[in-house]
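> Quick one: the structure is below, and I'll ask about it shortly.
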Amino acid sequence: MLKIGEKMSNTSPKKSLIDELPGGVKKNLSPGEEIVRYLKTFEVTEKPDYIILTNQRLVYFDEKHLGRFAFKSIPLQKLLQIKAHKGAIIWGEISFKSEDGTTFVLERVNRGDLEGFIDALEAAYNRIAVEPVSMKHQGDLLGMAEWEYNKPEETVFRQLPAEQPKPVEDPMHELKMRFIRGEISEEEYKAKLRVLEEK
């Protein structure tokens, strides 16, 4: 409720990063997985490609027409090489290579978004690396820049706590609880109990 003299705010609540991405991304995230940052290509006639950094992995998302898409990911521990180039005027490009040879390349990304993405990626990588890692960064005239990281073989990673799977319920106990709560009748309970005992 507005008080006397207060003006109504025209600002709406800030959208989260997941709201800025295609729906197919959200459908393929794991429970507890959060978007940290993303890059997308500039496209005129096609839909953009995305590289998405989550708190667990790096995702390549290629949205196609008619609801089709390609969703591929590299766990941060499996990143072997990262290379990025920021051009002098508008665009930059970035590529990732995993230990199994999978490669993602994004060209024509907004050069202004590149540095923030790389900083976030380095922070995420260092969160799981036992020894701090750093990317080679070389600046040039006209704001051009290069980044490169090659993972040494001896790099060791921390194990992040995984989400604990829910314990499997005992079907007989669950059936008994359904009967006690009144969800099923005594006849249904006895019939279902016989089926479970026969298994």
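Just so we're on the same page: first chain in the structure tokens is A, next is B, and so on; residues restart at 1 for each chain, and ligands are numbered from 1 in the order they show up.
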Counting only C-alpha atoms, give me one row per residue of region 23-110 of chain A with an atom at most 10 Å from an atom of region 123-140 of chain A, showing the shortest contact pair and its distance in Å to one decimal, sorted by chain then residue number, as a Markdown table.

| residue | atom | partner | partner_atom | distance |
| --- | --- | --- | --- | --- |
| A:Val36 | CA | A:Ala124 | CA | 8.9 |
| A:Leu53 | CA | A:Ala124 | CA | 8.6 |
| A:Thr54 | CA | A:Ala124 | CA | 8.6 |
| A:Asn55 | CA | A:Ala124 | CA | 7.0 |
| A:Gln56 | CA | A:Ala124 | CA | 8.5 |
| A:Arg57 | CA | A:Ala124 | CA | 9.2 |
| A:Leu76 | CA | A:Tyr125 | CA | 6.5 |
| A:Gln77 | CA | A:Ile128 | CA | 7.8 |
| A:Leu79 | CA | A:Tyr125 | CA | 9.2 |
| A:Ile82 | CA | A:Met135 | CA | 8.5 |
| A:Lys83 | CA | A:Met135 | CA | 9.2 |
| A:Ala84 | CA | A:His137 | CA | 9.4 |
| A:His85 | CA | A:Gln138 | CA | 9.7 |
| A:Lys86 | CA | A:Gly139 | CA | 9.2 |
| A:Gly87 | CA | A:Asp140 | CA | 9.9 |
| A:Ala88 | CA | A:Asp140 | CA | 9.1 |
> Would you return as number ranges by chain the members of chain A that DSSP assigns to helix (DSSP H, G or I) on this structure's backbone?
A: 17-20, 23-27, 65-67, 76-78, 111-128, 141-143, 171-180, 186-198
> Which one of A:Tyr60, A:Phe179, A:Tyr189, A:Phe42 sits closest to Ser95 (chain A) if you count only C-alpha atoms?
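Closest candidate: A:Tyr60.
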> Skip Gly24 (chain A) itself and residues of its chain fewer than 6 positions away, then list as a ChimeraX atom specification all residues within 9 Å of it, counting only C-alpha atoms.
/A:61,63,67-69,71
> Counting only C-alpha atoms, what is within 10 Å of Glu115 (chain A), bar same-chain residues fewer than 2 positions away, as an MDAnalysis selection string?
chainID A and resid 84:86 92 111:113 117:121 145:147
> Could you dump the residues just selected with N, CA, C and O atoms as a PDB file, in the first residue's frame?

ATOM      1  N   ALA A  84      39.996 -17.728 -25.651  1.00  0.00           N
ATOM      2  CA  ALA A  84      39.058 -16.653 -25.967  1.00  0.00           C
ATOM      3  C   ALA A  84      39.813 -15.511 -26.634  1.00  0.00           C
ATOM      4  O   ALA A  84      40.987 -15.280 -26.350  1.00  0.00           O
ATOM      5  N   HIS A  85      39.112 -14.826 -27.525  1.00  0.00           N
ATOM      6  CA  HIS A  85      39.690 -13.690 -28.232  1.00  0.00           C
ATOM      7  C   HIS A  85      38.650 -12.580 -28.265  1.00  0.00           C
ATOM      8  O   HIS A  85      37.507 -12.799 -28.670  1.00  0.00           O
ATOM      9  N   LYS A  86      39.049 -11.393 -27.800  1.00  0.00           N
ATOM     10  CA  LYS A  86      38.160 -10.234 -27.855  1.00  0.00           C
ATOM     11  C   LYS A  86      38.651  -9.338 -28.977  1.00  0.00           C
ATOM     12  O   LYS A  86      39.780  -8.868 -28.968  1.00  0.00           O
ATOM     13  N   GLY A  92      33.723 -11.089 -30.255  1.00  0.00           N
ATOM     14  CA  GLY A  92      34.753 -11.921 -29.673  1.00  0.00           C
ATOM     15  C   GLY A  92      34.394 -13.355 -29.976  1.00  0.00           C
ATOM     16  O   GLY A  92      33.335 -13.644 -30.544  1.00  0.00           O
ATOM     17  N   ARG A 111      31.667  -8.663 -27.393  1.00  0.00           N
ATOM     18  CA  ARG A 111      32.983  -8.542 -26.768  1.00  0.00           C
ATOM     19  C   ARG A 111      32.906  -7.987 -25.353  1.00  0.00           C
ATOM     20  O   ARG A 111      33.722  -8.302 -24.495  1.00  0.00           O
ATOM     21  N   GLY A 112      31.887  -7.182 -25.080  1.00  0.00           N
ATOM     22  CA  GLY A 112      31.723  -6.625 -23.740  1.00  0.00           C
ATOM     23  C   GLY A 112      31.335  -7.664 -22.692  1.00  0.00           C
ATOM     24  O   GLY A 112      31.554  -7.459 -21.502  1.00  0.00           O
ATOM     25  N   ASP A 113      30.749  -8.776 -23.112  1.00  0.00           N
ATOM     26  CA  ASP A 113      30.326  -9.830 -22.178  1.00  0.00           C
ATOM     27  C   ASP A 113      31.430 -10.846 -21.907  1.00  0.00           C
ATOM     28  O   ASP A 113      31.337 -11.622 -20.954  1.00  0.00           O
ATOM     29  N   PHE A 117      32.410 -13.119 -18.328  1.00  0.00           N
ATOM     30  CA  PHE A 117      32.186 -14.559 -18.392  1.00  0.00           C
ATOM     31  C   PHE A 117      33.460 -15.303 -17.994  1.00  0.00           C
ATOM     32  O   PHE A 117      33.415 -16.259 -17.219  1.00  0.00           O
ATOM     33  N   ILE A 118      34.598 -14.867 -18.515  1.00  0.00           N
ATOM     34  CA  ILE A 118      35.866 -15.544 -18.216  1.00  0.00           C
ATOM     35  C   ILE A 118      36.217 -15.397 -16.740  1.00  0.00           C
ATOM     36  O   ILE A 118      36.676 -16.351 -16.107  1.00  0.00           O
ATOM     37  N   ASP A 119      35.980 -14.228 -16.156  1.00  0.00           N
ATOM     38  CA  ASP A 119      36.220 -14.047 -14.717  1.00  0.00           C
ATOM     39  C   ASP A 119      35.351 -14.994 -13.893  1.00  0.00           C
ATOM     40  O   ASP A 119      35.812 -15.608 -12.930  1.00  0.00           O
ATOM     41  N   ALA A 120      34.075 -15.127 -14.264  1.00  0.00           N
ATOM     42  CA  ALA A 120      33.167 -16.029 -13.549  1.00  0.00           C
ATOM     43  C   ALA A 120      33.594 -17.479 -13.717  1.00  0.00           C
ATOM     44  O   ALA A 120      33.529 -18.271 -12.776  1.00  0.00           O
ATOM     45  N   LEU A 121      34.055 -17.840 -14.922  1.00  0.00           N
ATOM     46  CA  LEU A 121      34.518 -19.198 -15.189  1.00  0.00           C
ATOM     47  C   LEU A 121      35.764 -19.509 -14.368  1.00  0.00           C
ATOM     48  O   LEU A 121      35.877 -20.580 -13.770  1.00  0.00           O
ATOM     49  N   ALA A 145      42.026  -8.487 -26.754  1.00  0.00           N
ATOM     50  CA  ALA A 145      42.577  -9.301 -25.678  1.00  0.00           C
ATOM     51  C   ALA A 145      42.517 -10.778 -26.044  1.00  0.00           C
ATOM     52  O   ALA A 145      41.688 -11.190 -26.859  1.00  0.00           O
ATOM     53  N   GLU A 146      43.387 -11.548 -25.436  1.00  0.00           N
ATOM     54  CA  GLU A 146      43.432 -13.000 -25.619  1.00  0.00           C
ATOM     55  C   GLU A 146      43.475 -13.648 -24.239  1.00  0.00           C
ATOM     56  O   GLU A 146      44.139 -13.146 -23.333  1.00  0.00           O
ATOM     57  N   TRP A 147      42.774 -14.747 -24.074  1.00  0.00           N
ATOM     58  CA  TRP A 147      42.846 -15.554 -22.858  1.00  0.00           C
ATOM     59  C   TRP A 147      43.109 -16.991 -23.277  1.00  0.00           C
ATOM     60  O   TRP A 147      42.609 -17.458 -24.299  1.00  0.00           O
TER      61      TRP A 147
END
> Give me, please, the distance in Å between CA of Glu46 (chain A) and CA of Leu80 (chain A), quoted to one decimal.
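If I compute the distance from CA of Glu46 (chain A) to CA of Leu80 (chain A), I get 29.6 Å.
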> DSSP on the backbone, strand (DSSP E) only: what residues of region 1-190 of chain A does that give? Format it as a PyMOL selection string.
chain A and resi 35-40+49-54+57-63+69-75+79-86+91-98+103-110+136-139+145-150
> Do you know which residues are at most 6 Å from Leu58 (chain A) counting only C-alpha atoms, after dropping those on the same chain fewer than 4 positions away, and could you put them as a list in words?
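Once the nearby chain positions are removed, what remains is Ile52, Leu53, Ser73 and Ile74 of chain A.
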> CA of Lys97 (chain A) to CA of Lys151 (chain A): how many Å, to one decimal?
10.3 Å
> Under the rule that only C-alpha atoms are counted, which of A:Pro171, A:Pro31, A:Pro22, A:Gly116 is the nearest residue to Leu196 (chain A)?
A:Pro171
> Could you tell me how far CA of Tyr38 (chain A) sits from CA of Glu93 (chain A), in Å to one decimal place?
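Distance reported for this atom pair: 13.1 Å.
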> For Arg194 (chain A), which residue among A:Pro75, A:Ala70, A:Leu175, A:Thr41 is the nearest when counting only C-alpha atoms?
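When distances to Arg194 (chain A) are compared using only C-alpha atoms, the smallest one comes from A:Leu175.
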> Can you list, as a list of chain:residue names, every protein, DNA or RNA residue that comes within 9 Å of Gly32 (chain A) when you count only C-alpha atoms, leaving out same-chain residues fewer than 2 positions away?
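In the requested format, the answer is A:Leu29, A:Ser30, A:Glu34, A:Asn55, A:Glu163.
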> Would you put the residues from that selection into a file with all heavy atoms, as a CSV table (one decimal), in the first residue's frame?

chain,number,residue,atom,x,y,z
A,29,LEU,N,18.3,-28.7,-16.7
A,29,LEU,CA,19.2,-28.5,-15.5
A,29,LEU,C,18.9,-29.5,-14.4
A,29,LEU,O,17.8,-30.0,-14.3
A,29,LEU,CB,19.0,-27.1,-15.0
A,29,LEU,CG,19.4,-25.9,-15.9
A,29,LEU,CD1,19.1,-24.6,-15.2
A,29,LEU,CD2,20.9,-26.0,-16.3
A,30,SER,N,19.9,-29.8,-13.7
A,30,SER,CA,19.8,-30.8,-12.5
A,30,SER,C,19.2,-30.0,-11.3
A,30,SER,O,19.3,-28.8,-11.3
A,30,SER,CB,21.2,-31.3,-12.1
A,30,SER,OG,21.8,-31.9,-13.2
A,34,GLU,N,22.4,-24.0,-10.7
A,34,GLU,CA,22.1,-22.5,-10.9
A,34,GLU,C,22.9,-22.0,-12.1
A,34,GLU,O,24.0,-22.3,-12.2
A,34,GLU,CB,22.3,-21.8,-9.7
A,34,GLU,CG,21.5,-22.2,-8.5
A,34,GLU,CD,21.9,-21.5,-7.2
A,34,GLU,OE1,22.8,-20.6,-7.2
A,34,GLU,OE2,21.4,-21.9,-6.2
A,55,ASN,N,26.7,-23.6,-11.8
A,55,ASN,CA,27.6,-23.9,-10.6
A,55,ASN,C,28.1,-25.4,-10.6
A,55,ASN,O,28.9,-25.8,-9.8
A,55,ASN,CB,26.8,-23.7,-9.3
A,55,ASN,CG,25.5,-24.6,-9.2
A,55,ASN,OD1,25.0,-25.1,-10.2
A,55,ASN,ND2,25.0,-24.7,-8.0
A,163,GLU,N,24.1,-33.9,-4.1
A,163,GLU,CA,22.8,-34.0,-3.5
A,163,GLU,C,22.6,-35.4,-3.1
A,163,GLU,O,22.8,-36.3,-3.9
A,163,GLU,CB,21.7,-33.5,-4.5
A,163,GLU,CG,21.8,-32.0,-4.7
A,163,GLU,CD,20.4,-31.4,-4.8
A,163,GLU,OE1,19.4,-32.1,-4.6
A,163,GLU,OE2,20.3,-30.2,-5.0
